[in-house]
Amino acid sequence: MSSTIQKRAARKTPAERAAEIAEAAKEIALEQGLSAITLRKVAARVGVASGLVAHYQPNAEALVAGIFSTIVAAETEEVAGLLEAQPTPLEQLGTLLETLMDSSRLDVTAVWVEAWTLGRRNEALAACVREQMDAWQAVVQRVVEAGIDAGEFDTFDAPSVAWQILGMVDGLNAQALVRWDGVSDRGTHLARAVEGMVGAARGSLLPGGVQHTGMTPSPDS
């Protein structure tokens, strides 16, 4: 009788079980990649039967798509919060570049790169990738637009600038995944390129640049 009561007490609610399955899939994605996510592997990590995982996640494609969104949206929200703490658009843009080029985030970069490939045959994942790319562009575009309004940036096409910045960040981080040194000091090259794109003072987006000195940036500096 007592053992029956203990088993019932240990049983998890549907919400708890779903959260446990999602967390296990997330761990697998960050450690081994999105392609490593299978219902069987998730079940083994949670310590339950594959059939139970299938009850919450009908197929691996949907599970992969959902986990991708969870991982990427969390980073987008985190970085957006960091930007809000910066007092000027110039400092926001400098923080954005420095943060996205942080090598400690390469696990998320790997998730992005794999999602672009897997999304060719997983439409649920492709839809999530497009949604998250739009979310990232919106973050960057807001910063560029704020800089234009504040007179810190000299450009007229914020959406295109945001798209180009993200393209460079993605490309450079993808190179870093395979430890290619064809372009040394990627962060510096990126910062200088973006300075030209937004019309900011040379050196202003580098760590320790004018955004940290209290100087007023000028596109002609």
# chains A, B, ... in the order shown; residues from 1 in each chain; ligands from 1
>>> residues_around(residues="A:Trp112", least_positions_apart="5", cutoff="10 Å", atoms="only C-alpha atoms", output="list in words")
Gly33, Leu34, Phe68, Ser69, Ile71, Val72, Leu106, Asp107, Thr117, Leu118, Val129, Gln132, Met133, Asp170 and Ala174 of chain A
>>> residues_around(residues="A:Gly81", least_positions_apart="3", cutoff="12 Å", atoms="only C-alpha atoms", output="number ranges by chain")
A: 74-78, 84-86, 92, 95-96, 99, 139
>>> write_last_selection(atoms="all heavy atoms", output="JSON list (two decimals), in the first residue's frame")
[["chain", "number", "residue", "atom", "x", "y", "z"],
["A", 74, "ALA", "N", 15.45, 32.94, -26.54],
["A", 74, "ALA", "CA", 16.02, 33.29, -25.24],
["A", 74, "ALA", "C", 17.24, 34.19, -25.40],
["A", 74, "ALA", "O", 17.42, 35.15, -24.65],
["A", 74, "ALA", "CB", 16.40, 32.01, -24.49],
["A", 75, "GLU", "N", 18.07, 33.89, -26.40],
["A", 75, "GLU", "CA", 19.24, 34.74, -26.63],
["A", 75, "GLU", "C", 18.83, 36.11, -27.14],
["A", 75, "GLU", "O", 19.38, 37.14, -26.71],
["A", 75, "GLU", "CB", 20.19, 34.09, -27.64],
["A", 75, "GLU", "CG", 21.45, 34.93, -27.84],
["A", 75, "GLU", "CD", 22.37, 34.37, -28.91],
["A", 75, "GLU", "OE1", 21.90, 34.05, -30.00],
["A", 75, "GLU", "OE2", 23.59, 34.30, -28.64],
["A", 76, "THR", "N", 17.86, 36.15, -28.03],
["A", 76, "THR", "CA", 17.39, 37.44, -28.55],
["A", 76, "THR", "C", 16.87, 38.32, -27.42],
["A", 76, "THR", "O", 17.20, 39.51, -27.34],
["A", 76, "THR", "CB", 16.27, 37.23, -29.59],
["A", 76, "THR", "OG1", 16.72, 36.32, -30.59],
["A", 76, "THR", "CG2", 15.89, 38.55, -30.24],
["A", 77, "GLU", "N", 16.09, 37.73, -26.54],
["A", 77, "GLU", "CA", 15.55, 38.48, -25.41],
["A", 77, "GLU", "C", 16.65, 38.95, -24.47],
["A", 77, "GLU", "O", 16.64, 40.08, -23.99],
["A", 77, "GLU", "CB", 14.55, 37.61, -24.65],
["A", 77, "GLU", "CG", 13.88, 38.31, -23.48],
["A", 77, "GLU", "CD", 12.86, 37.44, -22.79],
["A", 77, "GLU", "OE1", 12.61, 36.30, -23.26],
["A", 77, "GLU", "OE2", 12.30, 37.88, -21.77],
["A", 78, "GLU", "N", 17.63, 38.07, -24.25],
["A", 78, "GLU", "CA", 18.75, 38.43, -23.37],
["A", 78, "GLU", "C", 19.53, 39.61, -23.93],
["A", 78, "GLU", "O", 19.81, 40.59, -23.22],
["A", 78, "GLU", "CB", 19.68, 37.23, -23.22],
["A", 78, "GLU", "CG", 20.94, 37.54, -22.41],
["A", 78, "GLU", "CD", 22.05, 36.54, -22.64],
["A", 78, "GLU", "OE1", 21.84, 35.52, -23.34],
["A", 78, "GLU", "OE2", 23.17, 36.79, -22.14],
["A", 84, "GLU", "N", 19.01, 47.60, -23.91],
["A", 84, "GLU", "CA", 18.17, 48.58, -23.23],
["A", 84, "GLU", "C", 18.91, 49.25, -22.08],
["A", 84, "GLU", "O", 18.57, 50.38, -21.71],
["A", 84, "GLU", "CB", 16.91, 47.90, -22.71],
["A", 84, "GLU", "CG", 15.94, 47.49, -23.81],
["A", 84, "GLU", "CD", 14.72, 46.77, -23.26],
["A", 84, "GLU", "OE1", 14.65, 46.59, -22.02],
["A", 84, "GLU", "OE2", 13.85, 46.37, -24.05],
["A", 85, "ALA", "N", 19.90, 48.57, -21.54],
["A", 85, "ALA", "CA", 20.66, 49.13, -20.41],
["A", 85, "ALA", "C", 21.69, 50.16, -20.86],
["A", 85, "ALA", "O", 22.27, 50.86, -20.02],
["A", 85, "ALA", "CB", 21.35, 48.01, -19.64],
["A", 86, "GLN", "N", 21.92, 50.27, -22.17],
["A", 86, "GLN", "CA", 22.90, 51.22, -22.68],
["A", 86, "GLN", "C", 22.24, 52.56, -22.95],
["A", 86, "GLN", "O", 21.13, 52.62, -23.47],
["A", 86, "GLN", "CB", 23.54, 50.69, -23.97],
["A", 86, "GLN", "CG", 24.21, 49.34, -23.81],
["A", 86, "GLN", "CD", 25.27, 49.33, -22.73],
["A", 86, "GLN", "OE1", 26.09, 50.23, -22.64],
["A", 86, "GLN", "NE2", 25.25, 48.31, -21.89],
["A", 92, "GLN", "N", 24.64, 51.05, -27.71],
["A", 92, "GLN", "CA", 23.84, 49.85, -27.94],
["A", 92, "GLN", "C", 24.41, 49.04, -29.09],
["A", 92, "GLN", "O", 24.54, 47.81, -29.00],
["A", 92, "GLN", "CB", 22.39, 50.25, -28.24],
["A", 92, "GLN", "CG", 21.63, 50.78, -27.04],
["A", 92, "GLN", "CD", 20.23, 51.22, -27.42],
["A", 92, "GLN", "OE1", 19.87, 51.27, -28.60],
["A", 92, "GLN", "NE2", 19.43, 51.57, -26.42],
["A", 95, "THR", "N", 27.68, 47.41, -28.08],
["A", 95, "THR", "CA", 27.41, 46.27, -27.20],
["A", 95, "THR", "C", 26.87, 45.09, -27.98],
["A", 95, "THR", "O", 27.23, 43.93, -27.74],
["A", 95, "THR", "CB", 26.40, 46.67, -26.11],
["A", 95, "THR", "OG1", 26.96, 47.71, -25.29],
["A", 95, "THR", "CG2", 26.02, 45.49, -25.23],
["A", 96, "LEU", "N", 26.01, 45.38, -28.95],
["A", 96, "LEU", "CA", 25.44, 44.32, -29.78],
["A", 96, "LEU", "C", 26.53, 43.56, -30.52],
["A", 96, "LEU", "O", 26.58, 42.32, -30.49],
["A", 96, "LEU", "CB", 24.46, 44.92, -30.78],
["A", 96, "LEU", "CG", 23.85, 43.95, -31.80],
["A", 96, "LEU", "CD1", 22.84, 43.05, -31.11],
["A", 96, "LEU", "CD2", 23.19, 44.71, -32.94],
["A", 99, "THR", "N", 28.77, 41.56, -28.11],
["A", 99, "THR", "CA", 28.08, 40.43, -27.53],
["A", 99, "THR", "C", 27.92, 39.29, -28.53],
["A", 99, "THR", "O", 28.17, 38.13, -28.22],
["A", 99, "THR", "CB", 26.69, 40.85, -27.02],
["A", 99, "THR", "OG1", 26.84, 41.89, -26.03],
["A", 99, "THR", "CG2", 25.94, 39.68, -26.39],
["A", 139, "VAL", "N", 15.35, 43.81, -33.79],
["A", 139, "VAL", "CA", 16.20, 44.33, -32.70],
["A", 139, "VAL", "C", 17.26, 45.27, -33.25],
["A", 139, "VAL", "O", 17.45, 46.39, -32.76],
["A", 139, "VAL", "CB", 16.87, 43.17, -31.93],
["A", 139, "VAL", "CG1", 17.94, 43.71, -30.97],
["A", 139, "VAL", "CG2", 15.82, 42.38, -31.14]]
>>> select_by_dssp(residues="stretch 28-147 of chain A", states="helix (DSSP H, G or I)", output="PyMOL selection string")
chain A and resi 28-32+34-36+39-46+50-56+60-84+89-100+103-118+123-147
>>> closest_residue(among="A:Ile37, A:Val143, A:Tyr56, A:Leu125", to="A:Glu16", atoms="only C-alpha atoms")
A:Tyr56
>>> residues_around(residues="A:Ile67", least_positions_apart="2", cutoff="12 Å", atoms="only C-alpha atoms", output="number ranges by chain")
A: 19, 21-30, 33-35, 37-38, 42, 57, 60-65, 69-74, 108, 111-112, 115, 124-125, 128-129
>>> residues_around(residues="A:Val144", least_positions_apart="6", cutoff="9 Å", atoms="only C-alpha atoms", output="PyMOL selection string")
chain A and resi 89-90+93+153+155+158-159+161-162+198
